[in-house]
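Structure record follows, encoded as structure tokens.
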Amino acid sequence: MNSVEELCTLIGSRITWGRGEDASSLDADTPLLERGLLDSLAIMEIVTALDKEAGIALPDTEIVAANFRTPRALWSAIGKLSGETLPDGMRI
Amino acid sequence: MTAQAPVRLDALLARSVARHPDRTALEGAGESWTYAQLDLAVQALANQLIAGGVAPGDRVGVYAPKAPATVIALYAVLRAGGVAAPLDVADPPERTARMIHNAGLSLLLTDGRALSGAHRAAARARDGAPAPEVPFAHGLHGLRILAPEERPAPLPGPTAQGGYLLFTSGSTGWPKGVLLSHENVAHYALWAADEFGLTPDDRIGSQAALTFDLTTFDLFSAAAAGACTVLMPDLLRSFPRDVVGWLTEQRITAFMAVPSLYQNMLRQGGIADAPPPALRLVAFGGEAFVPELLEQYLRILDGVPFYNLYGPTETNACTYYRVPADWTADQELPIGRGIGGVHIDVLDEDGRPTDGEGEIHIAGPVVFQGYLRGGAPVDPTVTVTFRDGVTRRAHPSGDLGRFRPDGEVLLRGRRDNQVKRRGHRIDLMDVENALLELPQITAAAVVAKGGPYAGEVWAYAQTDADEREVLAALRDVLPRRMLPDRVVPLTTLPTTTSGKVDRRALSETAAPALLEEITA
């Protein structure tokens with residue numbers, strides 16, 4: 001995973017969108033929680049997808065509201081993870 | 001306690017004002033309100049509501065995120081003699097509109113953040129006509145749904161003087177309004193305050209949406225005891241680690257929540273490593289607790305009482321079981337026995353008390369007044385003779401249960417299509433009706449899955465649309481908590497030899513791939 005845009009795509013694919021809205025309306029600063037886009041199930045699906053699709057293991061201590069307010073906040077939290085939690089060669 | 005005259009919910013507040021005017025009653029959103037301040041604000045808003053035309057028995061919706069102003073609004077409606085109906089701003093406007101219509105709400109109170117959603121729901125309930133708006137104190141707005149002459153007929157009995165209205169998933173696709181009197185709620189609130197030994201020093205953590213019946217404890221048991229209700233920010237609800245941190249920071253002493261939340265606080269929230277030090281009372285209800293996790297909790301929070309509460313929205317919590325400190329996961333976990341003044345019986349299909357499995361019937365001062373449909377109340381209670389020979393007005397809960405020899409009741413599932421998912425009560429027919437109302441669906445069956453998908457709700461639909469399209473359409477009409485976990489498009493639904501949809505086959509099929517076998 002190389003950019004916050006890729007992260008937006010991953011998050012957008014885990015949201016159940018209503019009619020007339022879709023993942024393309026999501027950008028790095030979309031207030032995910034205030035807009036009620038994420039429920040606890042979607043959050044766990046995003047965590048699982050980060051692990052499976054990007055090899056990013058988000059520890060439980062990082063699964064907090066402050067990190068899920070916007071895609072950018074999550075991107076920043078991922079960037080702060082210590083190198084050892086990322087597979088070799090992974091760029092953030 | 002049972003002998004005293006019925007207590008009004010707003011009188012619980014007034015009583016604590018007299019005893020503890022300077023104690024903190026309510027905290028949230030960075031605000032702190034003493035009992036005296038809260039009561040003053042409630043009275044002022046109640047006066048505004050009355051001046052604005054709210055009459056006793058009028059049903060008033062409170063559609064706003066959880067904040068002190070929302071609590072003030074609920075109390076003010078009660079003080080004005082109205083029926084207070086908390087509504088969830090996260091629900092789709094179409095669903096809220098159905099609640100407004102079914103309950104006969106004449107006014108919607110909302111705040112600035114929820115105003116546009118409130119207008120959408122109000123307009124849908126008014127056949128597209130925008131609702132006139134009036135300003136109220138504390139940044140609240142009133143949306144007039146019904147003109148005075150359009151108001152539904154007055155409510156009968158005690159709710160003519162006001163009450164509390166909660167909604168539950170119904171089998172028709174329309175949320176059912178559960179009409180509770182002041183006494184119905186106050187009886188439970190007073191019982192809980194007494195049983196849990198609440199004092200003015202207690203800080204009660206309120207985490208659930210105010211539309212959830214668990215929160216009547218947070219508000220009204222706190223008022224009964226002169227304790228402080230601490231509102232958890234809505235945004236933290238999905239994050240168990242934040243909830244654990246919040247319980248610690250806010251020095252919460254008493255907490256009531258669904259088992260799912262407790263379980264997640266243990267699995268992901270780190271509560272085992274840092275138990276909230278002030279917590280002295282834990283209550284749960286709404287679904288079964290995973291036994292192994294409950295056993296772990298009893299060790300982690302050593303000495304803290306754990307209460308299992310049971311009760312449909314129609315009766316508040318009506319049974320309780322204090323989990324013994326040495327309880328282990330290999331033991332049964334009863335829902336216990338009736339709270340003070342409440343009678344519980346288990347009746348067979350002929351309506352006779354049985355020692356075997358039967359339907360749990362609930363009688364006493366917590367039993368609701370009826371469902372509101374099309375603005376009018378319908379009383380679905382039955383008159384039955386309990387095993388003590390006394391004939392009572394009872395609520396047939398739809399829950400199956402059995403008495404243990406020691407008199408504690410064990411829960412044994414449902415007799416209808418209702419399921420619990422993450423503590424939320426969902427009628428599968430409610431979801432099925434929502435599907436059938438979609439133009440692209442010709443037939444549908446919604447089932448609770450078994451096997452590897454146990455706990456999930458799946459929809460099987462005869463449609464050309466794909467899963468994503470169907471979910472997007474459902475998103476417009478159902479709250480997120482009620483969406484099926486999966487939608488499986490089919491060319492035809494499997495049927496039994498009698499020609500009915502074979503729900504059992506759908507429920508038991510392990511994976512979508514196996515469906516070809518079913519449909520073949």
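Quick note on naming: the chains in the structure tokens go A, B, ... in the order shown, residues restart at 1 in each chain, and ligands are numbered from 1 in order of appearance.
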Sorted by chain and rising residue number, which residues of chain A lie within 7 Å of chain B, and what are their closest atom pairs and distances in Å to one decimal, counting only C-alpha atoms, as CSV?
residue,atom,partner,partner_atom,distance
A:Thr16,CA,B:Ala472,CA,6.6
A:Trp17,CA,B:Ala472,CA,5.4
A:Gly18,CA,B:Ala472,CA,4.2
A:Arg19,CA,B:Ala472,CA,5.2
A:Leu33,CA,B:Leu235,CA,6.2
A:Gly36,CA,B:Ala90,CA,6.9
A:Asp39,CA,B:Ser238,CA,6.2
A:Ser40,CA,B:Ser238,CA,4.7
A:Asp60,CA,B:Gln268,CA,5.6
A:Ile63,CA,B:Phe239,CA,6.8
A:Val64,CA,B:Phe239,CA,5.6
A:Ala65,CA,B:Leu236,CA,6.0
Checklist entry - segment 185-365 of chain B: which residues are alpha helix (DSSP H) by DSSP, as a PyMOL selection string? => result chain B and resi 185-195+215-216+222-225+240-249+259-267+291-300
Checklist entry - Using the chain letters and numbers from this document, which residues of segment 214-338 of chain B does DSSP assign to strand (DSSP E), as a list in words? => result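 So, restricting segment 214-338 of chain B to strand (DSSP E), we get Cys228, Thr229, Val230, Leu231, Ala254, Phe255, Met256, Ala257, Leu281, Val282, Ala283, Phe284, Gly285, Phe306, Tyr307, Asn308, Leu309, Tyr310, Thr319, Tyr320, Tyr321, Arg322, Val323, Arg337 and Gly338 of chain B.
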Checklist entry - So, counting only C-alpha atoms, which residue among A:Leu74, A:Ile15, A:Pro31, A:Lys80 is closest to Leu50 of chain A? => result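 Ranking A:Leu74, A:Ile15, A:Pro31, A:Lys80 by distance to Leu50 of chain A, first place goes to A:Leu74.
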If we count only C-alpha atoms, what is near Asp27 of chain A at a cut-off of 8 Å, once residues fewer than 5 positions away on the same chain are taken out, given as a short mmCIF file (atom, residue, chain, number, x, y, z; two decimals) with all heavy atoms, in the first residue's frame?
data_model
loop_
_atom_site.label_atom_id
_atom_site.label_comp_id
_atom_site.auth_asym_id
_atom_site.auth_seq_id
_atom_site.Cartn_x
_atom_site.Cartn_y
_atom_site.Cartn_z
N GLU A 5 -4.65 7.28 -1.14
CA GLU A 5 -5.72 6.99 -2.11
C GLU A 5 -6.02 5.49 -2.14
O GLU A 5 -7.18 5.08 -2.21
CB GLU A 5 -5.34 7.49 -3.52
CG GLU A 5 -5.40 9.00 -3.70
CD GLU A 5 -4.25 9.74 -3.01
OE1 GLU A 5 -3.17 9.13 -2.83
OE2 GLU A 5 -4.44 10.91 -2.62
N CYS A 8 -8.02 4.73 0.79
CA CYS A 8 -9.42 5.14 0.57
C CYS A 8 -10.19 4.07 -0.19
O CYS A 8 -11.34 3.77 0.12
CB CYS A 8 -9.48 6.45 -0.22
SG CYS A 8 -9.10 7.90 0.76
N PRO A 71 -9.72 8.81 6.56
CA PRO A 71 -8.69 7.93 5.97
C PRO A 71 -7.28 8.48 6.25
O PRO A 71 -6.36 7.71 6.51
CB PRO A 71 -9.03 7.96 4.48
CG PRO A 71 -10.50 8.18 4.43
CD PRO A 71 -10.78 9.13 5.58
#
Next on the checklist: Env of segment 184-200 of chain B: 7 Å cut, atoms = only C-alpha atoms, seq-sep filter 3 positions within chain, self excluded. Answer as a list of chain:residue names.
Outcome noted: B:Val7, B:Arg8, B:Leu9, B:Leu180, B:Ser181, B:Phe217, B:Phe220, B:Ser221, B:Ala224, B:Ala225, B:Gly226, B:Ala227, B:Asn316, B:Ala317, B:Gly340, B:Pro365, B:Val366, B:Val367, B:Phe368
Next, the residues of the selection above should be written as a CSV table (one decimal), in the first residue's frame with N, CA and C atoms.
chain,number,residue,atom,x,y,z
B,7,VAL,N,-45.0,6.8,40.3
B,7,VAL,CA,-44.1,7.9,40.3
B,7,VAL,C,-43.9,8.4,38.8
B,8,ARG,N,-43.9,9.6,38.6
B,8,ARG,CA,-43.6,10.2,37.3
B,8,ARG,C,-42.1,10.2,37.1
B,9,LEU,N,-41.7,10.0,35.9
B,9,LEU,CA,-40.2,10.0,35.6
B,9,LEU,C,-39.6,11.4,35.9
B,180,LEU,N,-45.0,3.0,26.8
B,180,LEU,CA,-44.8,2.7,28.2
B,180,LEU,C,-45.3,3.9,29.0
B,181,SER,N,-46.0,3.6,30.1
B,181,SER,CA,-46.4,4.7,31.0
B,181,SER,C,-45.2,5.1,31.9
B,217,PHE,N,-32.2,2.9,32.4
B,217,PHE,CA,-31.5,2.8,33.6
B,217,PHE,C,-30.5,4.0,33.7
B,220,PHE,N,-32.9,7.3,34.3
B,220,PHE,CA,-33.9,7.4,35.4
B,220,PHE,C,-33.5,6.7,36.7
B,221,SER,N,-32.7,5.6,36.6
B,221,SER,CA,-32.2,5.1,37.9
B,221,SER,C,-31.2,6.1,38.5
B,224,ALA,N,-33.2,8.7,40.1
B,224,ALA,CA,-33.9,8.1,41.3
B,224,ALA,C,-32.9,8.1,42.5
B,225,ALA,N,-31.6,8.0,42.2
B,225,ALA,CA,-30.6,7.9,43.3
B,225,ALA,C,-29.9,9.2,43.5
B,226,GLY,N,-30.1,10.2,42.7
B,226,GLY,CA,-29.3,11.4,42.8
B,226,GLY,C,-27.9,11.2,42.3
B,227,ALA,N,-27.7,10.2,41.4
B,227,ALA,CA,-26.4,9.9,40.9
B,227,ALA,C,-26.1,10.7,39.6
B,316,ASN,N,-39.5,-3.4,29.9
B,316,ASN,CA,-38.2,-3.1,30.5
B,316,ASN,C,-37.5,-4.4,30.9
B,317,ALA,N,-36.4,-4.2,31.7
B,317,ALA,CA,-35.9,-5.4,32.3
B,317,ALA,C,-36.9,-5.9,33.4
B,340,GLY,N,-38.8,-6.9,41.7
B,340,GLY,CA,-39.8,-6.7,42.7
B,340,GLY,C,-41.2,-6.3,42.1
B,365,PRO,N,-46.3,-4.2,37.1
B,365,PRO,CA,-46.3,-2.8,36.8
B,365,PRO,C,-45.4,-2.4,35.7
B,366,VAL,N,-44.5,-3.3,35.2
B,366,VAL,CA,-43.6,-2.9,34.0
B,366,VAL,C,-44.2,-3.2,32.7
B,367,VAL,N,-45.4,-3.9,32.6
B,367,VAL,CA,-46.0,-4.3,31.3
B,367,VAL,C,-46.6,-3.1,30.6
B,368,PHE,N,-46.1,-2.9,29.4
B,368,PHE,CA,-46.5,-1.7,28.6
B,368,PHE,C,-47.9,-1.6,28.3
Checklist entry - Could you work out how far atom CA of Asn102 of chain B lies from atom CA of Arg373 of chain B, giving the answer in Å with one decimal? => result 4.7 Å
Neighbouring residues of segment 505-508 of chain B were defined as those with any atom within 10 Å, considering only C-alpha atoms; residues of the same chain fewer than 4 positions away were excluded. Please report them as a compact mmCIF listing (two decimals) with N, CA, C and O atoms, in the first residue's frame.
# COMPACT_ATOMS: atom_id res chain seq x y z
N ALA B 445 -36.41 -14.48 0.99
CA ALA B 445 -36.50 -15.13 2.29
C ALA B 445 -35.29 -14.69 3.11
O ALA B 445 -34.16 -14.72 2.61
N VAL B 446 -35.53 -14.24 4.33
CA VAL B 446 -34.45 -13.81 5.20
C VAL B 446 -34.36 -14.80 6.35
O VAL B 446 -35.37 -15.08 7.00
N VAL B 447 -33.19 -15.36 6.56
CA VAL B 447 -33.05 -16.42 7.56
C VAL B 447 -31.87 -16.14 8.48
O VAL B 447 -30.93 -15.43 8.13
N ALA B 448 -31.97 -16.70 9.70
CA ALA B 448 -30.83 -16.71 10.62
C ALA B 448 -30.00 -17.93 10.25
O ALA B 448 -30.52 -19.04 10.17
N LYS B 449 -28.72 -17.73 9.99
CA LYS B 449 -27.88 -18.83 9.53
C LYS B 449 -27.43 -19.71 10.70
O LYS B 449 -27.27 -19.25 11.84
N GLY B 450 -27.21 -20.96 10.36
CA GLY B 450 -26.64 -21.88 11.34
C GLY B 450 -25.21 -22.21 10.94
O GLY B 450 -24.63 -21.56 10.07
N GLY B 451 -24.66 -23.23 11.58
CA GLY B 451 -23.33 -23.73 11.22
C GLY B 451 -22.26 -22.67 11.32
O GLY B 451 -22.25 -21.88 12.26
N PRO B 452 -21.38 -22.62 10.30
CA PRO B 452 -20.23 -21.70 10.38
C PRO B 452 -20.65 -20.22 10.37
O PRO B 452 -19.86 -19.37 10.71
N TYR B 453 -21.88 -19.94 9.94
CA TYR B 453 -22.33 -18.55 9.87
C TYR B 453 -23.32 -18.22 11.00
O TYR B 453 -24.08 -17.26 10.90
N ALA B 454 -23.32 -19.02 12.04
CA ALA B 454 -24.26 -18.81 13.15
C ALA B 454 -24.16 -17.37 13.65
O ALA B 454 -23.07 -16.82 13.78
N GLU B 456 -25.39 -14.89 11.97
CA GLU B 456 -25.55 -13.98 10.84
C GLU B 456 -26.96 -14.07 10.27
O GLU B 456 -27.62 -15.09 10.36
N VAL B 457 -27.37 -12.97 9.66
CA VAL B 457 -28.66 -12.90 8.98
C VAL B 457 -28.38 -12.80 7.48
O VAL B 457 -27.67 -11.90 7.04
N TRP B 458 -28.92 -13.75 6.73
CA TRP B 458 -28.70 -13.76 5.28
C TRP B 458 -30.04 -13.59 4.57
O TRP B 458 -31.05 -14.15 4.98
N ALA B 459 -29.96 -12.87 3.46
CA ALA B 459 -31.15 -12.69 2.63
C ALA B 459 -30.96 -13.43 1.32
O ALA B 459 -29.92 -13.30 0.68
N TYR B 460 -31.95 -14.23 0.95
CA TYR B 460 -31.96 -14.89 -0.36
C TYR B 460 -33.05 -14.22 -1.17
O TYR B 460 -34.19 -14.11 -0.71
N LEU B 493 -36.34 -19.44 -5.48
CA LEU B 493 -36.12 -19.85 -4.09
C LEU B 493 -36.51 -21.32 -3.95
O LEU B 493 -37.48 -21.78 -4.58
N PRO B 494 -35.77 -22.08 -3.15
CA PRO B 494 -36.14 -23.48 -2.95
C PRO B 494 -37.46 -23.59 -2.19
O PRO B 494 -37.75 -22.76 -1.34
N THR B 495 -38.25 -24.60 -2.52
CA THR B 495 -39.53 -24.76 -1.83
C THR B 495 -39.63 -26.15 -1.22
O THR B 495 -38.94 -27.08 -1.64
N THR B 496 -40.49 -26.26 -0.22
CA THR B 496 -40.76 -27.55 0.39
C THR B 496 -41.80 -28.27 -0.45
O THR B 496 -42.35 -27.70 -1.39
N VAL B 501 -41.63 -21.58 0.80
CA VAL B 501 -40.18 -21.37 0.72
C VAL B 501 -39.51 -22.22 1.80
O VAL B 501 -39.94 -22.24 2.95
N PRO B 512 -22.79 -20.00 -0.04
CA PRO B 512 -23.51 -19.67 -1.27
C PRO B 512 -23.25 -20.69 -2.37
O PRO B 512 -24.13 -20.99 -3.17
N LEU B 514 -23.15 -23.78 -2.30
CA LEU B 514 -24.00 -24.95 -2.22
C LEU B 514 -25.40 -24.70 -2.75
O LEU B 514 -26.18 -25.62 -2.89
N LEU B 515 -25.69 -23.44 -3.06
CA LEU B 515 -27.05 -23.12 -3.43
C LEU B 515 -27.49 -23.79 -4.72
O LEU B 515 -28.65 -24.07 -4.91
N ILE B 518 -29.40 -26.56 -3.96
CA ILE B 518 -30.74 -26.29 -3.48
C ILE B 518 -31.67 -25.91 -4.62
O ILE B 518 -32.79 -26.38 -4.71
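Counting from atom CA of Leu294 of chain B, the distance to atom CA of Val409 of chain B is 18.7 Å.
Near Thr70 of chain A, within 7 Å and counting only C-alpha atoms, sit Ala28, Asp29, Thr30, Pro31 and Leu32 of chain A; same-chain residues fewer than 6 positions away were not included.
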Next on the checklist: For a test of reading the model, state the distance in Å between atom CA of Cys318 of chain B and atom CA of Gly336 of chain B, rounded to one decimal.
Outcome noted: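 Between these atoms lies a distance of 9.5 Å.
The smallest atom-to-atom distance between Ala278 of chain B and any of B:Pro65, B:Gly139, B:Gly205, B:Gly364, using only C-alpha atoms, is found for B:Gly205.
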Can you tell me, as a PDB file with C-alpha atoms, in the first residue's frame, what residues are no more than 9 Å from Trp75 of chain A when counting only C-alpha atoms, ignoring any on the same chain fewer than 2 positions away?
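Result went into part.pdb, see below:
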ATOM      1  CA  SER A   3      -0.756   5.995  -0.871  1.00  0.00           C
ATOM      2  CA  VAL A   4      -3.672   7.331   1.108  1.00  0.00           C
ATOM      3  CA  LEU A   7      -6.273   3.218   1.574  1.00  0.00           C
ATOM      4  CA  ALA A  28      -8.612  11.388   2.541  1.00  0.00           C
ATOM      5  CA  ASN A  67      -7.317   6.743  14.051  1.00  0.00           C
ATOM      6  CA  THR A  70     -10.667  10.088   8.431  1.00  0.00           C
ATOM      7  CA  PRO A  71      -8.692   7.934   5.969  1.00  0.00           C
ATOM      8  CA  ARG A  72      -5.795  10.383   6.472  1.00  0.00           C
ATOM      9  CA  ALA A  73      -5.803   9.748  10.242  1.00  0.00           C
ATOM     10  CA  ALA A  77      -1.374   5.812  12.238  1.00  0.00           C
ATOM     11  CA  ILE A  78      -0.125   3.163   9.801  1.00  0.00           C
ATOM     12  CA  GLY A  79       2.918   5.309   9.040  1.00  0.00           C
ATOM     13  CA  LYS A  80       3.747   5.519  12.715  1.00  0.00           C
ATOM     14  CA  ILE A  92       4.436   3.523   3.634  1.00  0.00           C
TER      15      ILE A  92
END
